[in-house]
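> Please see the structure below; I have some questions.
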There are 2 protein chains.
Amino acid sequence: MRVYVLGAGSIGSLFGALLARAGNDVLLIGREEQVKAVNESGLKVIGVENFEVKPEATTSAPEEPPELLLLTTKSYSTKTALECARQCIGSDTWVLSVQNGLGNEELAMKYTDKVIGGITTNGAMLVEWGKVMWTGRGITVIGKYPTGKAEFVEEVARVFNEAGIETGVTENAIGWKWTKAIVNSVINGLGTVLEVKNGALREIPELEGISIEIAREGCMVAQQLGIEFEVHPLELLWDTIEKTKENYNSTLQDIMRGRKTEVDYIHGKIVEYAHSVGLEAPRNELLWALVKAKENLNRGSDNT
Amino acid sequence: MRVYVLGAGSIGSLFGALLARAGNDVLLIGREEQVKAVNESGLKVIGVENFEVKPEATTSAPEEPPELLLLTTKSYSTKTALECARQCIGSDTWVLSVQNGLGNEELAMKYTDKVIGGITTNGAMLVEWGKVMWTGRGITVIGKYPTGKAEFVEEVARVFNEAGIETGVTENAIGWKWTKAIVNSVINGLGTVLEVKNGALREIPELEGISIEIAREGCMVAQQLGIEFEVHPLELLWDTIEKTKENYNSTLQDIMRGRKTEVDYIHGKIVEYAHSVGLEAPRNELLWALVKAKENLNRGSDNT
């Protein structure tokens, strides 16, 4: 399958490497440093598996369209990335987002109606340019967005599974996106504010009750929007905390590295959707403000 | 005036020293280390003013009742302290709480109906046993609790003002307690979770809106309880942040020293009162859980 990976960060590089190893025709589209490293000395995967591949890499999307455009930028870069890559979104191109947060598929739908929504629980970390650590094997779920079936989705799942990316197909992609976003609202919210590993959320008694309250807030918004869950967020929450107890969540990793976070696309979107249906989401709003404040303190604006 | 100061910590030691200097008959009731230091080498005040006095000090309340029992323990010690001092609460003894948080006056009312509620914005810090730093001159407001007038309150205010404790009298003590508690719910909540000086709450744009939301939550509870404000919490909030911008709030100071905080008597009480009138207080509840989690992490229970 001809696949462009738009955003060659941690998950993009991991999926790109696995797909390339399986013989797919992969083009990584990413930042200059990453592209230079991959073109010069290939793409290394360490961790769960250890191997090296040499996919094509470039900083800007070519004209000719791929079969699959895999969207793996940070959510705050989706809009710009899609605009820059618009010329390669052909009439037969499917766009698949496996990004965290909400709203990415909606942006893709401005360019095509062939959109696939996905979630993944694989863990990856770019340890240096050209080298990605697969920190934990997880599952991936994809489906026509927002809901429904499409033959091409089955085809993508087959290709992913063949490449070693364990993937299931759903007819309720939007439900899965919300389930994952709600899980992230709890883990990334509390974990980032307290600067603790995911496991702490089960170890500190006061956090268990409040975790349920935060999740419930997201569930009420989803319910009001008519979204149904295939797996209840609370079920995925406890499972994710257990499986990732030694990890720092991605938002906290961003804070630790002085980078912008995806909080606008997790808590921010839940608050936005809440308001759109006449609800409040005070817990998400407070967590959003606290993470924003931490981003701000990171930039040293507390000294101005 | 014959005054017993029950709880010779920072504010208790400061008020005790000022009252003793003005010629009042002061007995400090406190922890063994503080009592020993005061009995051996007197009580030193540094900071806003610098002086030394030698009030009486003891670890347990005597039998004979004072005119005024000044309650200055941490809120979580009020119940035990009052129970240990019950024999000195005579029929003419007034009990005055200038403690942070809610619920202390209610505990005092189990022993007497002569209760005065108070708030103070004076800053004090016990730098070593027997030595208190007056970190900032503030005002004190006292009044018959929960509301109303009493001649003795005027007398206490006169004695306090003569001693250099700038004090006003109110007929709405409970309103002031709530105003102060709501201000603390914002400053101590956000400041502790983010580990920043009070001034950061005005410097980080995202915190201004959320500060108002947190304060509004407490105001709705107070309103439902029929409590009126003499000074609106938001007005006192901005004023307090401005005047204490270089300070760490008392809850954060407790966390930094690995001590228990008063969060149960600030956020915890607001949540409790909210539930008692059929309201929710999700922002206070989340801040409560986050501060509790920090207390817990302090004790190292994240490793168990």
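FYI, nothing fancy with the structure tokens labels: chains A, B, ... in order, residues from 1 per chain, ligands from 1 as they appear.
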What residues in chain A have any atom no more than 9 Å from chain B when counting only C-alpha atoms, and can you write them as a PyMOL selection string?
chain A and resi 190+193-194+196+199-200+203-207+209-210+213-214+282-283+285-290+292-294+296-297+301-304
> Please, which residues of segment 34-241 of chain A, numbered as in this document, come out helix (DSSP H, G or I) from DSSP, as number ranges by chain?
A: 34-41, 75-88, 104-108, 151-162, 173-194, 200-203, 205-224, 233-241
> Might you pull out every residue within 6 Å of Leu96 of chain B, with only C-alpha atoms counted and same-chain residues fewer than 4 positions away left off, and present them as a list in words?
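Here the qualifying residues turn out to be Leu70, Leu71, Val115, Ile116 and Gly117 of chain B.
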> Keeping only all heavy atoms, take the residues you just selected and write them out as a PDB file, in the first residue's frame.

```
ATOM      1  N   LEU B  70      -8.320  32.753  72.668  1.00  0.00           N
ATOM      2  CA  LEU B  70      -8.033  33.030  71.257  1.00  0.00           C
ATOM      3  C   LEU B  70      -7.617  31.719  70.586  1.00  0.00           C
ATOM      4  O   LEU B  70      -6.574  31.149  70.913  1.00  0.00           O
ATOM      5  CB  LEU B  70      -6.911  34.076  71.186  1.00  0.00           C
ATOM      6  CG  LEU B  70      -6.482  34.591  69.821  1.00  0.00           C
ATOM      7  CD1 LEU B  70      -7.641  35.170  69.046  1.00  0.00           C
ATOM      8  CD2 LEU B  70      -5.376  35.633  69.987  1.00  0.00           C
ATOM      9  N   LEU B  71      -8.431  31.270  69.650  1.00  0.00           N
ATOM     10  CA  LEU B  71      -8.223  29.966  69.003  1.00  0.00           C
ATOM     11  C   LEU B  71      -7.356  30.168  67.763  1.00  0.00           C
ATOM     12  O   LEU B  71      -7.787  30.782  66.787  1.00  0.00           O
ATOM     13  CB  LEU B  71      -9.609  29.430  68.627  1.00  0.00           C
ATOM     14  CG  LEU B  71      -9.851  27.946  68.416  1.00  0.00           C
ATOM     15  CD1 LEU B  71      -9.243  27.097  69.507  1.00  0.00           C
ATOM     16  CD2 LEU B  71     -11.355  27.702  68.324  1.00  0.00           C
ATOM     17  N   VAL B 115     -19.217  33.113  71.204  1.00  0.00           N
ATOM     18  CA  VAL B 115     -18.217  32.829  70.165  1.00  0.00           C
ATOM     19  C   VAL B 115     -18.059  34.041  69.253  1.00  0.00           C
ATOM     20  O   VAL B 115     -19.050  34.665  68.852  1.00  0.00           O
ATOM     21  CB  VAL B 115     -18.609  31.582  69.341  1.00  0.00           C
ATOM     22  CG1 VAL B 115     -17.653  31.367  68.170  1.00  0.00           C
ATOM     23  CG2 VAL B 115     -18.641  30.340  70.241  1.00  0.00           C
ATOM     24  N   ILE B 116     -16.802  34.379  68.970  1.00  0.00           N
ATOM     25  CA  ILE B 116     -16.495  35.479  68.047  1.00  0.00           C
ATOM     26  C   ILE B 116     -15.803  34.868  66.830  1.00  0.00           C
ATOM     27  O   ILE B 116     -14.882  34.067  66.969  1.00  0.00           O
ATOM     28  CB  ILE B 116     -15.566  36.528  68.697  1.00  0.00           C
ATOM     29  CG1 ILE B 116     -16.127  36.958  70.065  1.00  0.00           C
ATOM     30  CG2 ILE B 116     -15.383  37.745  67.780  1.00  0.00           C
ATOM     31  CD1 ILE B 116     -15.189  37.892  70.844  1.00  0.00           C
ATOM     32  N   GLY B 117     -16.294  35.235  65.658  1.00  0.00           N
ATOM     33  CA  GLY B 117     -15.656  34.772  64.427  1.00  0.00           C
ATOM     34  C   GLY B 117     -14.755  35.862  63.909  1.00  0.00           C
ATOM     35  O   GLY B 117     -15.106  37.051  63.965  1.00  0.00           O
TER      36      GLY B 117
END
```
> Which residue, B:Arg299, B:Lys177, B:Lys149, B:Arg158, has the smallest gap to Lys260 of chain B when you use only C-alpha atoms?
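Closest to Lys260 of chain B of all the choices is B:Arg299.
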> Could you tell me how far atom CA of Leu14 of chain B sits from atom CA of Leu126 of chain B, in Å to one decimal place?
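Between atom CA of Leu126 of chain B and atom CA of Leu14 of chain B the gap works out to 9.0 Å.
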> As a list in words, please: the residues near segment 31-35 of chain A (cut-off 8 Å, only C-alpha atoms, same-chain neighbours under 3 positions excluded).
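Non-adjacent residues within range: Gly7, Ala8, Leu28, Val38, Asn39, Ala57, Thr58, Thr59, Trp129 and Gly130 of chain A.
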> Go ahead and write the selection's residues with N, CA, C and O atoms as a PDB file, in the first residue's frame.

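Saved the output as part_32.pdb:
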```pdb
ATOM      1  N   GLY A   7       3.634  13.688   9.512  1.00  0.00           N
ATOM      2  CA  GLY A   7       4.030  13.918  10.902  1.00  0.00           C
ATOM      3  C   GLY A   7       4.915  12.787  11.381  1.00  0.00           C
ATOM      4  O   GLY A   7       4.416  11.805  11.926  1.00  0.00           O
ATOM      5  N   ALA A   8       6.218  12.901  11.148  1.00  0.00           N
ATOM      6  CA  ALA A   8       7.120  11.790  11.460  1.00  0.00           C
ATOM      7  C   ALA A   8       7.700  11.946  12.861  1.00  0.00           C
ATOM      8  O   ALA A   8       8.906  11.922  13.066  1.00  0.00           O
ATOM      9  N   LEU A  28       7.683   9.187   4.545  1.00  0.00           N
ATOM     10  CA  LEU A  28       7.549   9.974   5.775  1.00  0.00           C
ATOM     11  C   LEU A  28       7.607  11.449   5.428  1.00  0.00           C
ATOM     12  O   LEU A  28       8.524  11.890   4.740  1.00  0.00           O
ATOM     13  N   VAL A  38      16.710  10.356   8.605  1.00  0.00           N
ATOM     14  CA  VAL A  38      16.202   9.138   7.953  1.00  0.00           C
ATOM     15  C   VAL A  38      16.852   8.954   6.590  1.00  0.00           C
ATOM     16  O   VAL A  38      17.255   7.841   6.233  1.00  0.00           O
ATOM     17  N   ASN A  39      16.985  10.042   5.834  1.00  0.00           N
ATOM     18  CA  ASN A  39      17.599   9.944   4.514  1.00  0.00           C
ATOM     19  C   ASN A  39      19.074   9.582   4.609  1.00  0.00           C
ATOM     20  O   ASN A  39      19.605   8.857   3.763  1.00  0.00           O
ATOM     21  N   ALA A  57      11.799   9.835   2.781  1.00  0.00           N
ATOM     22  CA  ALA A  57      11.425  10.898   3.715  1.00  0.00           C
ATOM     23  C   ALA A  57      11.563  12.249   3.037  1.00  0.00           C
ATOM     24  O   ALA A  57      12.490  12.467   2.262  1.00  0.00           O
ATOM     25  N   THR A  58      10.629  13.135   3.338  1.00  0.00           N
ATOM     26  CA  THR A  58      10.644  14.460   2.722  1.00  0.00           C
ATOM     27  C   THR A  58       9.989  15.467   3.677  1.00  0.00           C
ATOM     28  O   THR A  58       9.258  15.076   4.585  1.00  0.00           O
ATOM     29  N   THR A  59      10.259  16.752   3.457  1.00  0.00           N
ATOM     30  CA  THR A  59       9.657  17.769   4.325  1.00  0.00           C
ATOM     31  C   THR A  59       8.327  18.272   3.780  1.00  0.00           C
ATOM     32  O   THR A  59       7.561  18.910   4.495  1.00  0.00           O
ATOM     33  N   TRP A 129      16.749  12.037  16.572  1.00  0.00           N
ATOM     34  CA  TRP A 129      16.295  12.076  15.184  1.00  0.00           C
ATOM     35  C   TRP A 129      16.670  10.768  14.517  1.00  0.00           C
ATOM     36  O   TRP A 129      17.800  10.310  14.628  1.00  0.00           O
ATOM     37  N   GLY A 130      15.708  10.124  13.864  1.00  0.00           N
ATOM     38  CA  GLY A 130      15.968   8.865  13.174  1.00  0.00           C
ATOM     39  C   GLY A 130      15.891   7.632  14.053  1.00  0.00           C
ATOM     40  O   GLY A 130      16.139   6.524  13.596  1.00  0.00           O
TER      41      GLY A 130
END
```
> Considering only C-alpha atoms, return as number ranges by chain whatever protein or nucleic-acid residues lie within 9 Å of Arg216 of chain B, sequence-local ones (same chain, fewer than 5 positions apart) excluded.
B: 182, 211, 221, 233-234
> Would you write out those residues with C-alpha atoms, as an mmCIF file, in the first residue's frame?

```
data_model
loop_
_atom_site.group_PDB
_atom_site.id
_atom_site.type_symbol
_atom_site.label_atom_id
_atom_site.label_comp_id
_atom_site.auth_asym_id
_atom_site.auth_seq_id
_atom_site.Cartn_x
_atom_site.Cartn_y
_atom_site.Cartn_z
ATOM 1 C CA ILE B 182 -13.571 31.595 49.198
ATOM 2 C CA SER B 211 -10.104 31.960 39.538
ATOM 3 C CA VAL B 221 -23.001 27.834 48.083
ATOM 4 C CA PRO B 233 -14.852 37.579 47.689
ATOM 5 C CA LEU B 234 -13.637 38.665 44.239
#
```
> According to DSSP computed on the backbone, where in segment 15-135 of chain A is there strand (DSSP E or B)? Give the residues as a PyMOL selection string.
chain A and resi 25-29+43-47+51-53+56-58+68-71+94-97+115-120+123-128+131-135
> Please, could you write that set of residues out with N, CA and C atoms as a compact mmCIF listing (two decimals), in the first residue's frame?

```
# COMPACT_ATOMS: atom_id res chain seq x y z
N ASP A 25 4.89 0.80 0.55
CA ASP A 25 5.58 1.91 -0.09
C ASP A 25 5.32 3.17 0.78
N VAL A 26 6.25 3.41 1.72
CA VAL A 26 6.03 4.43 2.74
C VAL A 26 6.83 5.70 2.47
N LEU A 27 6.15 6.85 2.58
CA LEU A 27 6.85 8.14 2.53
C LEU A 27 6.60 8.88 3.84
N LEU A 28 7.68 9.19 4.55
CA LEU A 28 7.55 9.97 5.77
C LEU A 28 7.61 11.45 5.43
N ILE A 29 6.62 12.23 5.92
CA ILE A 29 6.65 13.68 5.73
C ILE A 29 6.83 14.29 7.12
N LEU A 43 15.91 4.66 9.50
CA LEU A 43 15.03 4.83 10.65
C LEU A 43 15.16 3.61 11.55
N LYS A 44 15.58 3.84 12.80
CA LYS A 44 15.81 2.73 13.73
C LYS A 44 14.65 2.63 14.72
N VAL A 45 14.23 1.39 14.97
CA VAL A 45 13.23 1.14 16.02
C VAL A 45 13.92 0.33 17.11
N ILE A 46 13.75 0.76 18.36
CA ILE A 46 14.28 -0.01 19.48
C ILE A 46 13.14 -0.25 20.48
N GLY A 47 13.35 -1.13 21.42
CA GLY A 47 12.34 -1.37 22.45
C GLY A 47 11.65 -2.70 22.26
N PHE A 51 14.83 -3.03 14.93
CA PHE A 51 15.13 -3.19 13.50
C PHE A 51 15.38 -1.82 12.88
N GLU A 52 15.78 -1.87 11.63
CA GLU A 52 16.10 -0.63 10.92
C GLU A 52 15.54 -0.72 9.51
N VAL A 53 14.95 0.37 9.03
CA VAL A 53 14.43 0.42 7.66
C VAL A 53 14.87 1.73 7.01
N GLU A 56 11.38 6.29 2.30
CA GLU A 56 11.56 7.64 1.75
C GLU A 56 11.18 8.67 2.81
N ALA A 57 11.80 9.83 2.78
CA ALA A 57 11.42 10.90 3.71
C ALA A 57 11.56 12.25 3.04
N THR A 58 10.63 13.14 3.34
CA THR A 58 10.64 14.46 2.72
C THR A 58 9.99 15.47 3.68
N LEU A 68 -3.24 5.93 1.21
CA LEU A 68 -3.54 6.26 2.61
C LEU A 68 -2.65 7.40 3.09
N LEU A 69 -3.27 8.44 3.62
CA LEU A 69 -2.52 9.51 4.29
C LEU A 69 -2.71 9.32 5.79
N LEU A 70 -1.63 8.93 6.45
CA LEU A 70 -1.71 8.64 7.89
C LEU A 70 -1.33 9.90 8.66
N LEU A 71 -2.30 10.43 9.38
CA LEU A 71 -2.13 11.71 10.07
C LEU A 71 -1.59 11.44 11.49
N TRP A 94 -7.54 8.01 1.24
CA TRP A 94 -8.19 7.97 2.55
C TRP A 94 -7.25 8.62 3.57
N VAL A 95 -7.83 9.43 4.46
CA VAL A 95 -7.03 10.06 5.52
C VAL A 95 -7.36 9.36 6.84
N LEU A 96 -6.34 8.85 7.50
CA LEU A 96 -6.53 8.17 8.79
C LEU A 96 -5.81 8.92 9.91
N SER A 97 -6.57 9.32 10.92
CA SER A 97 -5.95 9.96 12.09
C SER A 97 -5.87 8.96 13.23
N VAL A 115 -12.55 9.61 5.35
CA VAL A 115 -11.80 9.81 6.60
C VAL A 115 -11.97 8.59 7.50
N ILE A 116 -10.87 8.15 8.06
CA ILE A 116 -10.88 7.04 9.01
C ILE A 116 -10.44 7.58 10.37
N GLY A 117 -11.22 7.27 11.41
CA GLY A 117 -10.84 7.68 12.76
C GLY A 117 -10.19 6.51 13.46
N GLY A 118 -9.15 6.78 14.21
CA GLY A 118 -8.48 5.67 14.88
C GLY A 118 -7.94 6.06 16.24
N ILE A 119 -7.75 5.06 17.06
CA ILE A 119 -7.05 5.26 18.33
C ILE A 119 -5.98 4.17 18.41
N THR A 120 -4.93 4.48 19.14
CA THR A 120 -3.91 3.46 19.36
C THR A 120 -3.40 3.57 20.79
N GLY A 123 2.76 2.68 22.66
CA GLY A 123 3.58 3.76 23.21
C GLY A 123 4.86 3.91 22.41
N ALA A 124 5.21 5.16 22.08
CA ALA A 124 6.44 5.40 21.32
C ALA A 124 7.07 6.70 21.77
N MET A 125 8.38 6.80 21.61
CA MET A 125 9.10 8.00 22.03
C MET A 125 10.27 8.20 21.07
N LEU A 126 10.36 9.39 20.52
CA LEU A 126 11.48 9.68 19.62
C LEU A 126 12.71 9.97 20.48
N VAL A 127 13.64 9.03 20.54
CA VAL A 127 14.78 9.22 21.45
C VAL A 127 15.85 10.13 20.84
N GLU A 128 15.98 10.08 19.53
CA GLU A 128 16.81 11.05 18.81
C GLU A 128 16.30 11.05 17.38
N LYS A 131 15.54 7.81 15.32
CA LYS A 131 15.52 6.65 16.23
C LYS A 131 14.30 6.74 17.17
N VAL A 132 13.42 5.76 17.03
CA VAL A 132 12.19 5.78 17.83
C VAL A 132 12.16 4.57 18.76
N MET A 133 11.77 4.83 20.02
CA MET A 133 11.65 3.71 20.96
C MET A 133 10.18 3.30 21.05
N TRP A 134 9.93 2.02 20.75
CA TRP A 134 8.58 1.44 20.91
C TRP A 134 8.49 1.02 22.37
N THR A 135 7.83 1.87 23.18
CA THR A 135 7.89 1.67 24.63
C THR A 135 6.86 0.66 25.12
```
